[in-house]
Amino acid sequence: MNLLAQLPLECFQSILQILAHQADVSALATLLRVNKHIASITLPYLYRNLFQKSFHHWKTNEGDSDPPISVKRLLQMLLSHYVTAALVDENNIPKVVALALNLAAYRSTIATVTTNPLDYAAQILHINLHGWAFLNRSIFYPSSLQPDLQEYVNGPEFTVLCSWDQFLPEYERNHSPVIRHEFFRALLHRELTWTLANPILEQLQTLVIPVSDINRYLGVLDRLGRLECVRFLVDEIYSCGPEGVVRVTEEWSAKAQERENKSMGSLVRFVESHTQLFKGQLKIATCHSSSIWIWGTQTCPDDAQIKVFQFLPPATQA
């Protein structure tokens, strides 16, 4: 390892770039354990875009990795670091996040580092936490939730957080347990994204924003001066299944349309305001359907996407 330390910095960085391009997480993680000098050089290559899918989908001698399990372990470690580094008050971590990641139990099993720990959070430039990380039903689904999380999801505190008006009355009557657990995944994604992003908004270059939470990000727009790419994830319900399969009332359709118009208006306003505040900084703004819900694909209307494109630099519209 002494030979590794003697490499010119440019050579070592070239090696790290190759490892990162190949998504060789094991090799990069091993380098973190060599010494603090090597770790400090390696850290950005492992953490600047830590939620890219290739970092959590690899082959092992035992078979393919399980991306959601990999992401869950990373989130446990990262949020523990946030608490240790005083980026987040442990008491302010949303309950749904703390319970889903079993943070209290995890933190009780790790040693608290107090002497010059590596600053993982300072390296993060891209928070692109997509829905695929929450699709593993062996982790985040009814039959496998630990008892305290089951109790929370079925309790009155969680009921208040659920937007029941997004669903037809017949869904609420007949599918309440399923709806609760779908809301759980949507809420978990929303609160995890905010908990991770809020302490480091000033340094982020990429951010995936749940549409249901767009107004919270509008409120901190002035902190997003380095943002180059924003992807909006449609995690609200605007349609409830194929026509002819689900009977949709005119009243529900009108409310869904109103909800969609309001959210899309805020989405467009976010891009417009950012491009006015930080001219030329934002290069990419796209809207994607969420894979969180089981009630079909919720899409972004074409007219909203066209309005967004109009505010971007011409070269990025192609």
# chains A, B, ... in the order shown; residues from 1 in each chain; ligands from 1

call {"tool": "closest_atom_pairs", "arguments": {"of": "segment 163-280 of chain A", "to": "segment 87-111 of chain A", "cutoff": "9 Å", "atoms": "only C-alpha atoms", "output": "Markdown table"}}
result
| residue | atom | partner | partner_atom | distance |
| --- | --- | --- | --- | --- |
| A:Phe184 | CA | A:Val96 | CA | 7.8 |
| A:Leu187 | CA | A:Val96 | CA | 7.6 |
| A:Leu188 | CA | A:Val97 | CA | 6.1 |
| A:His189 | CA | A:Val97 | CA | 8.8 |
| A:Glu191 | CA | A:Pro94 | CA | 6.8 |
| A:Leu192 | CA | A:Val97 | CA | 6.4 |
| A:Thr195 | CA | A:Ile93 | CA | 7.1 |
| A:Pro199 | CA | A:Leu87 | CA | 6.0 |
| A:Ile200 | CA | A:Leu87 | CA | 8.6 |

call {"tool": "residues_around", "arguments": {"residues": "Asp213 of chain A", "least_positions_apart": "4", "cutoff": "10 Å", "atoms": "only C-alpha atoms", "output": "mmCIF file with N, CA and C atoms, in the first residue's frame"}}
result
data_model
loop_
_atom_site.group_PDB
_atom_site.id
_atom_site.type_symbol
_atom_site.label_atom_id
_atom_site.label_comp_id
_atom_site.auth_asym_id
_atom_site.auth_seq_id
_atom_site.Cartn_x
_atom_site.Cartn_y
_atom_site.Cartn_z
ATOM 1 N N LEU A 187 -44.514 8.434 1.037
ATOM 2 C CA LEU A 187 -44.094 9.329 2.117
ATOM 3 C C LEU A 187 -42.635 9.087 2.485
ATOM 4 N N ARG A 190 -40.447 10.694 -0.119
ATOM 5 C CA ARG A 190 -40.489 12.155 -0.011
ATOM 6 C C ARG A 190 -39.654 12.654 1.168
ATOM 7 N N GLU A 191 -39.821 12.021 2.331
ATOM 8 C CA GLU A 191 -39.126 12.490 3.528
ATOM 9 C C GLU A 191 -37.643 12.129 3.512
ATOM 10 N N THR A 193 -35.773 11.976 0.795
ATOM 11 C CA THR A 193 -35.148 12.927 -0.125
ATOM 12 C C THR A 193 -34.897 14.261 0.564
ATOM 13 N N TRP A 194 -35.896 14.753 1.285
ATOM 14 C CA TRP A 194 -35.744 16.038 1.960
ATOM 15 C C TRP A 194 -34.709 15.965 3.085
ATOM 16 N N ILE A 209 -36.924 15.601 -7.306
ATOM 17 C CA ILE A 209 -37.903 16.218 -6.413
ATOM 18 C C ILE A 209 -39.267 15.557 -6.594
ATOM 19 N N TYR A 217 -39.559 22.776 -1.787
ATOM 20 C CA TYR A 217 -38.331 23.132 -2.503
ATOM 21 C C TYR A 217 -38.418 24.539 -3.095
ATOM 22 N N LEU A 218 -39.615 24.964 -3.445
ATOM 23 C CA LEU A 218 -39.787 26.349 -3.887
ATOM 24 C C LEU A 218 -39.389 27.314 -2.772
ATOM 25 N N PHE A 232 -38.283 15.843 -11.826
ATOM 26 C CA PHE A 232 -39.493 15.831 -11.011
ATOM 27 C C PHE A 232 -40.143 14.455 -11.102
ATOM 28 N N LEU A 233 -40.450 13.883 -9.958
ATOM 29 C CA LEU A 233 -41.043 12.551 -9.900
ATOM 30 C C LEU A 233 -42.524 12.691 -9.558
ATOM 31 N N ASP A 235 -45.468 11.703 -8.030
ATOM 32 C CA ASP A 235 -45.841 10.738 -6.989
ATOM 33 C C ASP A 235 -47.234 11.015 -6.433
ATOM 34 N N GLU A 236 -48.035 11.769 -7.173
ATOM 35 C CA GLU A 236 -49.428 11.992 -6.810
ATOM 36 C C GLU A 236 -50.323 11.174 -7.740
ATOM 37 N N SER A 263 -50.173 21.306 -9.020
ATOM 38 C CA SER A 263 -48.824 20.756 -8.882
ATOM 39 C C SER A 263 -47.955 21.088 -10.088
ATOM 40 N N SER A 266 -46.821 24.656 -10.000
ATOM 41 C CA SER A 266 -45.700 24.858 -9.077
ATOM 42 C C SER A 266 -44.403 24.330 -9.681
ATOM 43 N N LEU A 267 -44.501 23.218 -10.394
ATOM 44 C CA LEU A 267 -43.326 22.636 -11.052
ATOM 45 C C LEU A 267 -42.741 23.612 -12.076
#

call {"tool": "atom_distance", "arguments": {"atom1": "atom CA of Arg259 of chain A", "atom2": "atom CA of Val234 of chain A"}}
result
12.0 Å

call {"tool": "residues_around", "arguments": {"residues": "Ala23 of chain A", "least_positions_apart": "2", "cutoff": "12 Å", "atoms": "only C-alpha atoms", "output": "list in words"}}
result
Leu16, Gln17, Ile18, Leu19, Ala20, His21, Val25, Ser26, Ala27, Leu28, Ala29, Tyr45, Leu46, Tyr47, Asn49, Leu50, Phe51, Gln52, Lys53, Ser54, Phe55, His56, His57, Trp58 and Lys59 of chain A

call {"tool": "residues_around", "arguments": {"residues": "Ala86 of chain A", "least_positions_apart": "6", "cutoff": "12 Å", "atoms": "only C-alpha atoms", "output": "PyMOL selection string"}}
result
chain A and resi 79-80+92+114+119+121+199

call {"tool": "residues_around", "arguments": {"residues": "Asn128 of chain A", "least_positions_apart": "5", "cutoff": "7 Å", "atoms": "only C-alpha atoms", "output": "PyMOL selection string"}}
result
chain A and resi 51+206-208

call {"tool": "write_last_selection", "arguments": {"atoms": "N, CA and C atoms", "output": "PDB file, in the first residue's frame"}}
result
ATOM      1  N   PHE A  51     -26.199   7.339  -5.311  1.00  0.00           N
ATOM      2  CA  PHE A  51     -27.434   6.600  -5.562  1.00  0.00           C
ATOM      3  C   PHE A  51     -27.582   6.166  -7.014  1.00  0.00           C
ATOM      4  N   THR A 206     -27.508  17.794  -8.888  1.00  0.00           N
ATOM      5  CA  THR A 206     -28.647  17.015  -9.387  1.00  0.00           C
ATOM      6  C   THR A 206     -29.577  16.710  -8.225  1.00  0.00           C
ATOM      7  N   LEU A 207     -30.880  16.816  -8.486  1.00  0.00           N
ATOM      8  CA  LEU A 207     -31.853  16.534  -7.434  1.00  0.00           C
ATOM      9  C   LEU A 207     -33.125  15.978  -8.060  1.00  0.00           C
ATOM     10  N   VAL A 208     -33.623  14.887  -7.487  1.00  0.00           N
ATOM     11  CA  VAL A 208     -34.925  14.343  -7.870  1.00  0.00           C
ATOM     12  C   VAL A 208     -35.945  14.838  -6.847  1.00  0.00           C
TER      13      VAL A 208
END

call {"tool": "closest_residue", "arguments": {"among": "A:Val271, A:Leu43, A:Leu282, A:Leu32", "to": "Gly225 of chain A", "atoms": "only C-alpha atoms"}}
result
A:Leu282
